[in-house]
$ cat start_10.txt   # compact mmCIF, C-alpha atoms
# COMPACT_ATOMS: atom_id res chain seq x y z
CA MET A 1400 32.03 -37.76 23.56
CA ARG A 1401 28.81 -37.09 25.45
CA ARG A 1402 29.80 -33.47 26.02
CA LYS A 1403 30.42 -33.03 22.28
CA THR A 1404 26.97 -34.45 21.42
CA VAL A 1405 25.26 -32.15 23.92
CA THR A 1406 27.14 -29.15 22.50
CA ILE A 1407 26.13 -30.02 18.92
CA TRP A 1408 22.46 -30.53 19.85
CA SER A 1409 22.45 -27.30 21.87
CA GLY A 1410 23.77 -25.44 18.81
CA VAL A 1411 21.14 -27.02 16.54
CA ILE A 1412 18.30 -26.12 18.93
CA PHE A 1413 19.66 -22.58 19.28
CA LEU A 1414 19.71 -22.13 15.47
CA ILE A 1415 16.15 -23.48 15.15
CA VAL A 1416 14.89 -21.04 17.80
CA ILE A 1417 16.68 -18.13 16.08
CA GLY A 1418 15.28 -19.22 12.71
CA ILE A 1419 11.73 -19.31 14.05
CA GLY A 1420 12.15 -15.87 15.63
CA VAL A 1421 13.54 -14.34 12.43
CA GLY A 1422 10.80 -15.95 10.34
CA TYR A 1423 8.09 -14.59 12.63
CA LYS A 1424 9.62 -11.12 12.53
CA MET A 1425 9.72 -11.17 8.71
CA TYR A 1426 6.09 -12.30 8.57
CA ASP A 1427 5.11 -9.62 11.08
CA ASN A 1428 6.81 -6.86 9.04
CA ASP A 1429 5.01 -7.96 5.85
CA THR A 1430 1.57 -7.90 7.43
CA ALA A 1431 2.10 -4.68 9.41
CA THR A 1432 1.53 -2.43 6.39
CA TYR A 1433 -1.75 -4.09 5.45
CA ASP A 1434 -2.99 -4.10 9.04
CA MET A 1435 -2.08 -0.41 9.32
CA TRP A 1436 -4.22 0.43 6.28
CA SER A 1437 -7.08 -1.56 7.73
CA GLY A 1438 -6.93 0.30 11.02
CA ARG A 1439 -6.39 3.69 9.43
CA TRP A 1440 -8.88 3.55 6.55
CA GLY A 1441 -11.22 0.65 7.28
CA ILE A 1442 -10.25 -1.34 4.20
CA THR A 1443 -8.94 -4.89 4.30
CA ILE A 1444 -6.15 -5.27 1.79
CA PRO A 1445 -4.81 -8.79 1.35
CA LYS A 1446 -1.10 -9.25 0.76
CA PRO A 1447 -0.43 -8.81 -2.98
CA ALA A 1448 1.81 -10.78 -5.29
CA GLU A 1449 3.87 -7.58 -5.57
CA LEU A 1450 3.89 -4.28 -3.67
CA VAL A 1451 5.55 -1.26 -5.27
CA VAL A 1452 6.16 1.65 -2.91
CA VAL A 1453 6.14 4.44 -5.47
CA PHE A 1454 6.36 7.21 -2.90
CA GLU A 1455 6.38 7.27 0.87
CA SER A 1456 7.35 10.36 2.81
CA GLU A 1457 9.57 10.12 5.84
CA PRO A 1458 7.57 9.68 9.04
CA SER A 1459 7.28 12.93 10.96
CA PHE A 1460 6.99 13.67 14.66
CA HIS A 1461 3.22 14.12 14.37
CA GLY A 1462 2.66 10.99 12.28
CA ASP A 1463 1.60 12.85 9.15
CA GLY A 1464 2.82 11.87 5.72
CA GLU A 1465 1.96 10.79 2.23
CA GLY A 1466 2.20 7.54 0.34
CA TYR A 1467 1.45 6.14 -3.10
CA TYR A 1468 1.46 2.36 -3.49
CA VAL A 1469 0.78 0.02 -6.40
CA LEU A 1470 -0.29 -3.51 -5.48
CA ASN A 1471 -0.35 -6.24 -8.14
CA TYR A 1472 -2.54 -9.29 -7.60
CA ASN A 1473 -3.08 -12.66 -9.23
CA GLU A 1474 -6.64 -13.75 -10.13
CA GLU A 1475 -7.31 -15.55 -6.85
CA GLN A 1476 -6.07 -12.62 -4.75
CA LEU A 1477 -8.01 -10.15 -6.90
CA ALA A 1478 -11.25 -12.03 -6.19
CA LYS A 1479 -10.67 -11.52 -2.45
CA VAL A 1480 -9.98 -7.81 -2.95
CA GLN A 1481 -12.98 -7.35 -5.23
CA ASP A 1482 -15.32 -9.19 -2.86
CA GLN A 1483 -15.63 -6.29 -0.42
CA ALA A 1484 -18.76 -4.22 0.02
CA LEU A 1485 -16.91 -0.90 0.16
CA TRP A 1486 -16.21 -0.57 -3.57
CA GLN A 1487 -17.98 2.04 -5.67
CA PRO A 1488 -18.08 1.43 -9.42
CA ILE A 1489 -16.35 3.99 -11.60
CA THR A 1490 -18.98 5.43 -13.89
CA GLU A 1491 -18.85 8.28 -16.36
CA GLU A 1492 -20.33 10.50 -13.65
CA SER A 1493 -17.94 9.47 -10.87
CA ARG A 1494 -14.88 9.43 -13.13
CA HIS A 1495 -14.63 13.24 -13.26
CA SER A 1496 -14.61 13.72 -9.47
CA LEU A 1497 -12.19 10.80 -9.07
CA GLU A 1498 -9.81 12.38 -11.61
CA GLU A 1499 -9.93 15.61 -9.60
CA GLU A 1500 -9.07 13.80 -6.35
CA VAL A 1501 -6.19 11.87 -7.95
CA SER A 1502 -4.88 15.07 -9.53
CA ARG A 1503 -5.12 16.88 -6.19
CA PHE A 1504 -3.11 14.11 -4.54
CA THR A 1505 -0.42 14.01 -7.22
CA GLN A 1506 -0.02 17.78 -7.13
CA SER A 1507 0.01 17.91 -3.34
CA ILE A 1508 3.02 15.63 -2.85
CA ILE A 1509 5.26 17.59 -5.20
CA PRO A 1510 5.67 20.53 -2.79
CA VAL A 1511 6.62 18.09 -0.03
CA SER A 1512 10.23 18.24 -1.21
CA ARG A 1513 11.10 20.94 -3.72
CA LYS A 1514 14.73 19.82 -3.93
CA GLU A 1515 13.59 16.51 -5.40
CA ILE A 1516 10.78 17.85 -7.58
CA ALA A 1517 12.19 16.21 -10.73
CA LYS A 1518 12.21 12.84 -9.00
CA TYR A 1519 8.60 13.10 -7.80
CA GLY A 1520 7.39 14.41 -11.14
CA LYS A 1521 8.70 11.22 -12.77
CA LEU A 1522 6.92 8.98 -10.27
CA TYR A 1523 3.58 9.31 -11.99
CA LYS A 1524 5.08 8.86 -15.43
CA ASN A 1525 6.58 5.55 -14.30
CA TYR A 1526 3.55 4.48 -12.24
CA PRO A 1527 0.45 6.26 -13.53
CA THR A 1528 -2.88 5.64 -11.86
CA GLU A 1529 -4.77 3.80 -14.59
CA TYR A 1530 -8.50 3.15 -14.42
CA ASP A 1531 -11.61 3.26 -16.57
CA THR A 1532 -15.34 2.91 -16.27
CA GLY A 1533 -16.13 -0.54 -14.91
CA ASP A 1534 -13.26 -0.43 -12.40
CA TYR A 1535 -13.81 0.37 -8.72
CA TYR A 1536 -12.76 2.97 -6.18
CA TYR A 1537 -12.96 3.72 -2.49
CA TYR A 1538 -12.54 7.21 -1.07
CA THR A 1539 -12.59 8.22 2.57
CA LYS A 1540 -11.77 11.47 4.30
CA LYS A 1541 -11.34 12.09 8.01
CA GLU A 1542 -12.26 15.18 10.01
CA ASP A 1543 -8.61 16.24 10.29
CA GLY A 1544 -8.29 16.41 6.49
CA SER A 1545 -6.53 13.07 6.05
CA TYR A 1546 -7.82 11.07 3.11
CA CYS A 1547 -7.30 7.86 1.20
CA ILE A 1548 -8.04 7.03 -2.43
CA VAL A 1549 -8.01 3.37 -3.45
CA ILE A 1550 -8.58 2.39 -7.07
CA LEU A 1551 -9.00 -1.20 -8.24
CA ASN A 1552 -8.17 -1.79 -11.90
CA VAL A 1553 -9.77 -5.15 -12.62
CA ASP A 1554 -8.22 -5.73 -16.08
CA LYS A 1555 -4.68 -5.04 -14.89
CA GLN A 1556 -5.31 -6.84 -11.55
CA ARG A 1557 -3.85 -3.82 -9.82
CA LEU A 1558 -4.77 -1.70 -6.83
CA TYR A 1559 -3.58 1.88 -6.42
CA LEU A 1560 -3.55 3.32 -2.90
CA MET A 1561 -2.91 7.00 -2.22
CA GLU A 1562 -2.96 8.28 1.33
CA TRP A 1563 -2.51 11.77 2.73
CA ILE A 1564 -2.26 11.87 6.51
CA GLN A 1565 -2.52 15.17 8.39
$ encode --input "start_10.txt" --output "structure tokens"
Amino acid sequence: MRRKTVTIWSGVIFLIVIGIGVGYKMYDNDTATYDMWSGRWGITIPKPAELVVVFESEPSFHGDGEGYYVLNYNEEQLAKVQDQALWQPITEESRHSLEEEVSRFTQSIIPVSRKEIAKYGKLYKNYPTEYDTGDYYYYTKKEDGSYCIVILNVDKQRLYLMEWIQ
């Protein structure tokens, strides 16, 4: 009887330890993407209510690649995102240069895989980058040519992140 009790409790403790380990690993995977953006681009992006990976190229040997992400926030989360000093307001003057940068990014990922050009062409029809004057953006470019465009659409409570890594 005592041996049976010890075996049952050993099994329960083992399952609890496994559950804690799996839970930590799941949490770690969720935060890794946001930490990576912080380290790479200097922007703190809180975990959204929903993350849509519209496009993400396969990682290469050199670490280069492209990605387009849409992050949807609730009001409380949006306040945290909006409360960062890095944002530049989108004005009539800045809108034109921002449109050029977004267009350059969208055109640059299409040649990444010619065999799937139809698929990538549809990406922006399904997930267009929507913004207007009064919204915010952040743009940074590194010496190696890598760049990141982040657009915060306040009305839609949505953040668009486009990164091109050389």
$ atom_distance --input "start_10.txt" --atom1 "CA of Pro1527 (chain A)" --atom2 "CA of Val1549 (chain A)"
13.5 Å
$ residues_around --input "start_10.txt" --residues "Ser1507 (chain A)" --least-positions-apart "4" --cutoff "10 Å" --atoms "all atoms listed in the file" --output "PDB file with C-alpha atoms, keeping the file's coordinate frame"
ATOM      1  CA  GLU A1465       1.960  10.790   2.230  1.00  0.00           C
ATOM      2  CA  VAL A1501      -6.190  11.870  -7.950  1.00  0.00           C
ATOM      3  CA  SER A1502      -4.880  15.070  -9.530  1.00  0.00           C
ATOM      4  CA  ARG A1503      -5.120  16.880  -6.190  1.00  0.00           C
ATOM      5  CA  VAL A1511       6.620  18.090  -0.030  1.00  0.00           C
ATOM      6  CA  TRP A1563      -2.510  11.770   2.730  1.00  0.00           C
TER       7      TRP A1563
END
$ atom_distance --input "start_10.txt" --atom1 "CA of Glu1499 (chain A)" --atom2 "CA of Glu1562 (chain A)"
14.9 Å
$ atom_distance --input "start_10.txt" --atom1 "CA of Asp1543 (chain A)" --atom2 "CA of Asp1463 (chain A)"
10.8 Å
$ axis_aligned_box --input "start_10.txt" --around "region 1400-1409 of chain A" --padding-each-side "4 Å" --output "AutoDock Vina command-line options"
--center_x 27.2 --center_y -32.5 --center_z 22.5 --size_x 17.6 --size_y 18.5 --size_z 15.1
$ closest_residue --input "start_10.txt" --among "A:Tyr1530, A:Val1405, A:Trp1436, A:Tyr1468" --to "Val1451 (chain A)" --atoms "all atoms listed in the file"
A:Tyr1468
$ residues_around --input "start_10.txt" --residues "Tyr1526 (chain A)" --least-positions-apart "5" --cutoff "12 Å" --atoms "all atoms listed in the file" --output "JSON, numbers by chain"
{"A": [1451, 1452, 1453, 1454, 1467, 1468, 1469, 1470, 1505, 1519, 1520, 1521, 1557, 1558, 1559, 1560]}
